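Next up, data_20.cif (mmCIF, C-alpha atoms, pLDDT in the B column; chains and numbers go by the auth columns):
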data_query
#
loop_
_atom_site.group_PDB
_atom_site.id
_atom_site.type_symbol
_atom_site.label_atom_id
_atom_site.label_comp_id
_atom_site.label_asym_id
_atom_site.label_seq_id
_atom_site.Cartn_x
_atom_site.Cartn_y
_atom_site.Cartn_z
_atom_site.B_iso_or_equiv
_atom_site.auth_seq_id
_atom_site.auth_asym_id
ATOM 1 C CA MET A 1 10.633 -15.464 13.058 72.00 4 A
ATOM 2 C CA ILE A 2 9.666 -13.240 10.148 81.00 5 A
ATOM 3 C CA GLU A 3 6.182 -13.500 8.667 87.00 6 A
ATOM 4 C CA GLU A 4 5.517 -12.048 5.232 89.00 7 A
ATOM 5 C CA PHE A 5 2.096 -10.980 3.990 92.00 8 A
ATOM 6 C CA ARG A 6 1.505 -10.181 0.326 92.00 9 A
ATOM 7 C CA VAL A 7 -1.284 -8.461 -1.550 91.00 10 A
ATOM 8 C CA HIS A 8 -4.399 -10.414 -2.491 92.00 11 A
ATOM 9 C CA PRO A 9 -4.327 -11.836 -6.070 92.00 12 A
ATOM 10 C CA LEU A 10 -7.525 -9.925 -6.857 93.00 13 A
ATOM 11 C CA TYR A 11 -5.321 -6.948 -7.731 92.00 14 A
ATOM 12 C CA TYR A 12 -4.008 -8.865 -10.802 94.00 15 A
ATOM 13 C CA LEU A 13 -7.587 -9.094 -12.045 95.00 16 A
ATOM 14 C CA LEU A 14 -8.143 -5.390 -11.359 94.00 17 A
ATOM 15 C CA VAL A 15 -5.006 -4.472 -13.328 94.00 18 A
ATOM 16 C CA ALA A 16 -6.086 -6.689 -16.235 96.00 19 A
ATOM 17 C CA PHE A 17 -9.581 -5.180 -16.245 96.00 20 A
ATOM 18 C CA SER A 18 -8.134 -1.651 -16.134 95.00 21 A
ATOM 19 C CA VAL A 19 -5.774 -2.400 -19.043 96.00 22 A
ATOM 20 C CA LEU A 20 -8.674 -3.820 -21.064 96.00 23 A
ATOM 21 C CA LEU A 21 -10.703 -0.700 -20.291 94.00 24 A
ATOM 22 C CA LEU A 22 -7.748 1.482 -21.302 95.00 25 A
ATOM 23 C CA LEU A 23 -7.450 -0.336 -24.633 95.00 26 A
ATOM 24 C CA LEU A 24 -11.165 0.047 -25.348 93.00 27 A
ATOM 25 C CA LEU A 25 -11.063 3.725 -24.462 93.00 28 A
ATOM 26 C CA GLY A 26 -7.915 4.153 -26.573 92.00 29 A
ATOM 27 C CA ARG A 27 -9.781 2.689 -29.540 92.00 30 A
ATOM 28 C CA ALA A 28 -12.662 5.111 -28.902 91.00 31 A
ATOM 29 C CA LEU A 29 -10.173 7.989 -28.725 90.00 32 A
ATOM 30 C CA TRP A 30 -8.647 6.868 -32.027 90.00 33 A
ATOM 31 C CA GLU A 31 -12.021 7.123 -33.708 90.00 34 A
ATOM 32 C CA MET A 32 -13.105 10.425 -32.163 89.00 35 A
ATOM 33 C CA VAL A 33 -11.724 12.532 -29.338 87.00 36 A
ATOM 34 C CA THR A 34 -14.366 13.599 -26.819 90.00 37 A
ATOM 35 C CA THR A 35 -13.959 15.024 -23.344 90.00 38 A
ATOM 36 C CA GLY A 36 -15.847 12.135 -21.748 89.00 39 A
ATOM 37 C CA VAL A 37 -13.665 9.463 -23.312 90.00 40 A
ATOM 38 C CA LEU A 38 -10.555 11.504 -22.507 92.00 41 A
ATOM 39 C CA LEU A 39 -11.653 11.806 -18.881 93.00 42 A
ATOM 40 C CA PHE A 40 -12.238 8.068 -18.493 93.00 43 A
ATOM 41 C CA PHE A 41 -8.977 7.330 -20.325 93.00 44 A
ATOM 42 C CA GLY A 42 -7.157 9.358 -17.663 93.00 45 A
ATOM 43 C CA ILE A 43 -9.072 7.607 -14.881 93.00 46 A
ATOM 44 C CA ALA A 44 -8.106 4.206 -16.340 94.00 47 A
ATOM 45 C CA ILE A 45 -4.416 5.224 -16.375 93.00 48 A
ATOM 46 C CA VAL A 46 -4.614 6.324 -12.742 91.00 49 A
ATOM 47 C CA ALA A 47 -6.388 3.073 -11.803 91.00 50 A
ATOM 48 C CA ILE A 48 -3.675 0.992 -13.477 92.00 51 A
ATOM 49 C CA LEU A 49 -0.933 2.897 -11.645 88.00 52 A
ATOM 50 C CA TRP A 50 -2.824 2.609 -8.351 86.00 53 A
ATOM 51 C CA PHE A 51 -3.385 -1.154 -8.645 90.00 54 A
ATOM 52 C CA LEU A 52 0.196 -1.770 -9.817 88.00 55 A
ATOM 53 C CA SER A 53 1.438 0.196 -6.822 84.00 56 A
ATOM 54 C CA ALA A 54 -0.712 -1.930 -4.522 86.00 57 A
ATOM 55 C CA LEU A 55 0.562 -5.152 -6.130 88.00 58 A
ATOM 56 C CA GLY A 56 4.090 -4.543 -4.890 85.00 59 A
ATOM 57 C CA THR A 57 3.093 -4.063 -1.252 88.00 60 A
ATOM 58 C CA ARG A 58 4.500 -6.492 1.317 89.00 61 A
ATOM 59 C CA VAL A 59 4.210 -6.520 5.089 90.00 62 A
ATOM 60 C CA HIS A 60 6.915 -8.190 7.183 91.00 63 A
ATOM 61 C CA LEU A 61 6.251 -8.895 10.848 90.00 64 A
ATOM 62 C CA LEU A 62 9.599 -8.903 12.641 88.00 65 A
ATOM 63 C CA PRO A 63 10.154 -9.676 16.343 88.00 66 A
ATOM 64 C CA THR A 64 9.996 -6.002 17.451 87.00 67 A
ATOM 65 C CA GLU A 65 8.571 -4.095 14.491 89.00 68 A
ATOM 66 C CA MET A 66 6.616 -4.338 11.286 90.00 69 A
ATOM 67 C CA ALA A 67 8.110 -3.336 7.952 88.00 70 A
ATOM 68 C CA ILE A 68 5.843 -2.276 5.121 88.00 71 A
ATOM 69 C CA GLN A 69 7.398 -2.328 1.660 86.00 72 A
ATOM 70 C CA MET A 70 5.697 -0.461 -1.142 81.00 73 A
ATOM 71 C CA PRO A 71 6.910 0.289 -4.652 75.00 74 A
ATOM 72 C CA MET A 72 8.329 3.718 -5.298 59.00 75 A
ATOM 73 C CA ARG A 73 5.686 6.263 -4.345 58.00 76 A
ATOM 74 C CA PHE A 74 4.316 8.785 -6.789 54.00 77 A
ATOM 75 C CA PRO A 75 5.620 12.311 -6.160 50.00 78 A
ATOM 76 C CA LEU A 76 2.182 13.880 -5.625 47.00 79 A
ATOM 77 C CA LEU A 77 1.030 11.371 -3.001 50.00 80 A
ATOM 78 C CA PRO A 78 1.545 12.097 0.686 50.00 81 A
ATOM 79 C CA PRO A 79 4.430 10.261 2.354 50.00 82 A
ATOM 80 C CA LEU A 80 3.813 6.650 3.304 52.00 83 A
ATOM 81 C CA CYS A 81 4.731 7.220 6.932 58.00 84 A
ATOM 82 C CA THR A 82 7.109 9.256 9.037 50.00 85 A
ATOM 83 C CA GLN A 83 9.842 6.613 9.253 52.00 86 A
ATOM 84 C CA LEU A 84 10.900 6.107 5.637 47.00 87 A
ATOM 85 C CA ARG A 85 13.873 4.209 4.304 45.00 88 A
ATOM 86 C CA THR A 86 14.476 3.926 0.596 42.00 89 A
ATOM 87 C CA SER A 87 16.437 0.885 -0.474 44.00 90 A
ATOM 88 C CA PRO A 88 19.401 1.576 -2.747 41.00 91 A
ATOM 89 C CA VAL A 89 18.762 1.332 -6.447 37.00 92 A
ATOM 90 C CA ASN A 90 20.400 -1.570 -8.222 37.00 93 A
ATOM 91 C CA ALA A 91 22.051 -0.392 -11.434 35.00 94 A
ATOM 92 C CA THR A 92 20.477 -3.195 -13.476 34.00 95 A
ATOM 93 C CA GLU A 93 16.960 -2.958 -12.055 36.00 96 A
ATOM 94 C CA VAL A 94 15.786 0.623 -11.857 32.00 97 A
ATOM 95 C CA PHE A 95 12.207 -0.367 -11.044 35.00 98 A
ATOM 96 C CA ASP A 96 13.227 -2.434 -8.002 42.00 99 A
ATOM 97 C CA ARG A 97 13.385 0.646 -5.797 49.00 100 A
ATOM 98 C CA ARG A 98 11.027 0.312 -2.835 60.00 101 A
ATOM 99 C CA THR A 99 10.004 2.534 0.024 75.00 102 A
ATOM 100 C CA THR A 100 10.070 0.790 3.389 79.00 103 A
ATOM 101 C CA CYS A 101 8.162 2.049 6.392 82.00 104 A
ATOM 102 C CA THR A 102 9.070 0.550 9.745 86.00 105 A
ATOM 103 C CA ILE A 103 6.739 0.835 12.703 89.00 106 A
ATOM 104 C CA ASP A 104 7.751 -0.493 16.105 90.00 107 A
ATOM 105 C CA TYR A 105 5.079 -2.495 17.881 90.00 108 A
ATOM 106 C CA ARG A 106 5.208 -0.042 20.788 89.00 109 A
ATOM 107 C CA GLN A 107 4.058 2.685 18.373 90.00 110 A
ATOM 108 C CA LEU A 108 0.830 0.901 17.407 91.00 111 A
ATOM 109 C CA TYR A 109 -2.371 2.449 18.676 92.00 112 A
ATOM 110 C CA SER A 110 -5.167 0.701 16.775 91.00 113 A
ATOM 111 C CA ILE A 111 -5.972 -1.351 13.705 92.00 114 A
ATOM 112 C CA ASP A 112 -9.253 -1.152 11.810 91.00 115 A
ATOM 113 C CA GLU A 113 -10.815 -2.724 8.723 90.00 116 A
ATOM 114 C CA SER A 114 -12.647 -0.477 6.311 86.00 117 A
ATOM 115 C CA GLY A 115 -14.183 -0.758 2.881 84.00 118 A
ATOM 116 C CA ARG A 116 -16.868 -2.883 1.317 84.00 119 A
ATOM 117 C CA PHE A 117 -15.492 -4.410 -1.862 83.00 120 A
ATOM 118 C CA LEU A 118 -11.783 -4.343 -1.008 83.00 121 A
ATOM 119 C CA THR A 119 -11.544 -4.489 2.764 88.00 122 A
ATOM 120 C CA VAL A 120 -8.324 -2.694 3.682 89.00 123 A
ATOM 121 C CA LEU A 121 -6.494 -2.384 6.981 91.00 124 A
ATOM 122 C CA THR A 122 -5.935 1.042 8.477 90.00 125 A
ATOM 123 C CA ILE A 123 -3.179 1.152 11.064 90.00 126 A
ATOM 124 C CA LEU A 124 -3.067 4.001 13.556 91.00 127 A
ATOM 125 C CA TYR A 125 0.238 4.594 15.306 91.00 128 A
ATOM 126 C CA TYR A 126 2.195 7.197 17.242 90.00 129 A
ATOM 127 C CA PRO A 127 4.973 8.711 15.108 88.00 130 A
ATOM 128 C CA LYS A 128 8.523 8.852 16.420 87.00 131 A
ATOM 129 C CA GLU A 129 10.240 12.127 17.156 86.00 132 A
ATOM 130 C CA GLN A 130 13.818 12.869 16.093 85.00 133 A
ATOM 131 C CA ASP A 131 15.190 11.597 19.414 87.00 134 A
ATOM 132 C CA GLY A 132 13.347 8.239 19.107 82.00 135 A
ATOM 133 C CA LEU A 133 10.616 9.035 21.640 87.00 136 A
ATOM 134 C CA LEU A 134 6.991 8.645 20.698 87.00 137 A
ATOM 135 C CA ASP A 135 4.957 11.748 19.928 85.00 138 A
ATOM 136 C CA LEU A 136 1.799 10.977 21.907 87.00 139 A
ATOM 137 C CA THR A 137 0.079 14.188 20.784 89.00 140 A
ATOM 138 C CA GLN A 138 -0.306 13.025 17.178 89.00 141 A
ATOM 139 C CA ILE A 139 -1.631 9.873 15.568 89.00 142 A
ATOM 140 C CA ALA A 140 -0.455 8.892 12.104 88.00 143 A
ATOM 141 C CA THR A 141 -2.206 6.441 9.793 87.00 144 A
ATOM 142 C CA ILE A 142 -1.205 4.055 7.081 87.00 145 A
ATOM 143 C CA THR A 143 -3.648 2.114 4.923 87.00 146 A
ATOM 144 C CA LEU A 144 -2.704 -1.292 3.561 89.00 147 A
ATOM 145 C CA PRO A 145 -4.374 -2.800 0.489 90.00 148 A
ATOM 146 C CA LEU A 146 -6.307 -6.058 0.717 91.00 149 A
ATOM 147 C CA MET A 147 -3.773 -8.676 1.822 92.00 150 A
ATOM 148 C CA ARG A 148 -3.650 -12.469 1.655 92.00 151 A
ATOM 149 C CA ASN A 149 -4.371 -13.879 5.099 91.00 152 A
ATOM 150 C CA GLN A 150 -5.574 -10.453 6.189 91.00 153 A
ATOM 151 C CA GLN A 151 -7.387 -11.825 9.227 92.00 154 A
ATOM 152 C CA THR A 152 -4.170 -13.462 10.438 92.00 155 A
ATOM 153 C CA LEU A 153 -2.296 -10.186 9.997 91.00 156 A
ATOM 154 C CA ARG A 154 -5.018 -8.333 11.873 92.00 157 A
ATOM 155 C CA GLN A 155 -4.989 -10.886 14.714 91.00 158 A
ATOM 156 C CA ARG A 156 -1.181 -10.721 15.033 91.00 159 A
ATOM 157 C CA LEU A 157 -1.218 -6.934 15.206 91.00 160 A
ATOM 158 C CA ALA A 158 -4.190 -6.856 17.586 90.00 161 A
ATOM 159 C CA ALA A 159 -2.331 -9.252 19.898 90.00 162 A
ATOM 160 C CA VAL A 160 0.707 -6.960 19.883 88.00 163 A
ATOM 161 C CA ILE A 161 -1.443 -3.880 20.551 85.00 164 A
ATOM 162 C CA ALA A 162 -3.122 -5.609 23.506 68.00 165 A
ATOM 163 C CA GLN A 163 0.265 -6.070 25.192 69.00 166 A
#
Starting from the coordinates I provided, produce the structure as structure tokens.
Amino acid sequence: MIEEFRVHPLYYLLVAFSVLLLLLLGRALWEMVTTGVLLFFGIAIVAILWFLSALGTRVHLLPTEMAIQMPMRFPLLPPLCTQLRTSPVNATEVFDRRTTCTIDYRQLYSIDESGRFLTVLTILYYPKEQDGLLDLTQIATITLPLMRNQQTLRQRLAAVIAQ
């Protein structure tokens, strides 16, 4: 049985608010260019890209592993996780390219909630070595955005970690 968890709809509101802010700052830039308005214009662009990236995130709980799908990562960001698979690009849909991170349940170390406004899940896990064994000397992390049914996701992963 495969369970799918998607991002909370609040991210649509955050994207809309960021676009509105970008339009207002663009109007202010049209009238007069100042460093303050230019700075906040850049911050609004980054916020839009960040929230749009979070909107495409999906978590699939499979029988033996979890698969985390995120839209194509930005080149300057650190890698999503150590086990990356990039789905092939469809010739008609260039923007459908996703990065998938798979983490076996045996790799999971801990799961924690953090944040005040947008409570996110931080997953700690042991990365795999080239030969498939777990590297128990390092702990890698991945942070998921606010998800729908986040408590259910957390309970499912906590139950797997307890085993």
Residues near region 58-62 of chain A, cut-off 10 Å, all atoms listed in the file, skip fewer than 2 positions along chain, as a PyMOL selection string: chain A and resi 6-15+18+52-56+64-65+69-75+99+101-105+147-150+156
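In this model, the gap between CA of Ser21 (chain A) and CA of Ala57 (chain A) comes to 13.8 Å.
Restricting the calculation to only C-alpha atoms, the smallest distance between Gln141 (chain A) and any of A:Leu127, A:Leu28, A:Val36, A:Leu42 is found for A:Leu127.
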What does the distance between CA of Lys131 (chain A) and CA of Ile164 (chain A) come to in Å, to one decimal place? 16.7 Å
Just the residues within 12 Å of Ser117 (chain A), please, counting only C-alpha atoms, with nothing from its chain fewer than 4 positions along; format it as number ranges by chain. A: 121-126, 146-149
Would you translate the PyMOL selection byres ((chain A and resi 67) around 12) into the concrete set of residues it matches in this file, as a ChimeraX atom specification? /A:4-5,63-66,68-70,105-111,160,163
Suppose you want the space between CA of Ala162 (chain A) and CA of Ser113 (chain A); what is it in Å? 10.8 Å
Can you translate the PyMOL selection byres ((chain A and resi 139) around 10) into the concrete residues it hits in this file, as an mmCIF file with C-alpha atoms, keeping the file's coordinate frame?
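File expr19.cif, as written:
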data_model
loop_
_atom_site.group_PDB
_atom_site.id
_atom_site.type_symbol
_atom_site.label_atom_id
_atom_site.label_comp_id
_atom_site.auth_asym_id
_atom_site.auth_seq_id
_atom_site.Cartn_x
_atom_site.Cartn_y
_atom_site.Cartn_z
ATOM 1 C CA GLN A 110 4.058 2.685 18.373
ATOM 2 C CA TYR A 128 0.238 4.594 15.306
ATOM 3 C CA TYR A 129 2.195 7.197 17.242
ATOM 4 C CA PRO A 130 4.973 8.711 15.108
ATOM 5 C CA LYS A 131 8.523 8.852 16.420
ATOM 6 C CA GLU A 132 10.240 12.127 17.156
ATOM 7 C CA LEU A 136 10.616 9.035 21.640
ATOM 8 C CA LEU A 137 6.991 8.645 20.698
ATOM 9 C CA ASP A 138 4.957 11.748 19.928
ATOM 10 C CA THR A 140 0.079 14.188 20.784
ATOM 11 C CA GLN A 141 -0.306 13.025 17.178
ATOM 12 C CA ILE A 142 -1.631 9.873 15.568
#
Expansion of the PyMOL selection byres ((chain A and resi 24) around 12) into residues, as number ranges by chain: A: 17-23, 25-31, 40, 43-51
What would the file look like if the residues just selected were written as a short mmCIF file (atom, residue, chain, number, x, y, z; two decimals), in the frame of the given file with C-alpha atoms?
data_model
loop_
_atom_site.label_atom_id
_atom_site.label_comp_id
_atom_site.auth_asym_id
_atom_site.auth_seq_id
_atom_site.Cartn_x
_atom_site.Cartn_y
_atom_site.Cartn_z
CA LEU A 17 -8.14 -5.39 -11.36
CA VAL A 18 -5.01 -4.47 -13.33
CA ALA A 19 -6.09 -6.69 -16.24
CA PHE A 20 -9.58 -5.18 -16.24
CA SER A 21 -8.13 -1.65 -16.13
CA VAL A 22 -5.77 -2.40 -19.04
CA LEU A 23 -8.67 -3.82 -21.06
CA LEU A 25 -7.75 1.48 -21.30
CA LEU A 26 -7.45 -0.34 -24.63
CA LEU A 27 -11.16 0.05 -25.35
CA LEU A 28 -11.06 3.72 -24.46
CA GLY A 29 -7.92 4.15 -26.57
CA ARG A 30 -9.78 2.69 -29.54
CA ALA A 31 -12.66 5.11 -28.90
CA VAL A 40 -13.66 9.46 -23.31
CA PHE A 43 -12.24 8.07 -18.49
CA PHE A 44 -8.98 7.33 -20.32
CA GLY A 45 -7.16 9.36 -17.66
CA ILE A 46 -9.07 7.61 -14.88
CA ALA A 47 -8.11 4.21 -16.34
CA ILE A 48 -4.42 5.22 -16.38
CA VAL A 49 -4.61 6.32 -12.74
CA ALA A 50 -6.39 3.07 -11.80
CA ILE A 51 -3.68 0.99 -13.48
#
Could you give me the axis-aligned bounding box of region 52-65 of chain A, with 4 Å of padding per side, as centre plus edge lengths in Å to one decimal, as AutoDock Vina command-line options?
--center_x 3.1 --center_y -3.0 --center_z 0.5 --size_x 21.0 --size_y 19.8 --size_z 32.3
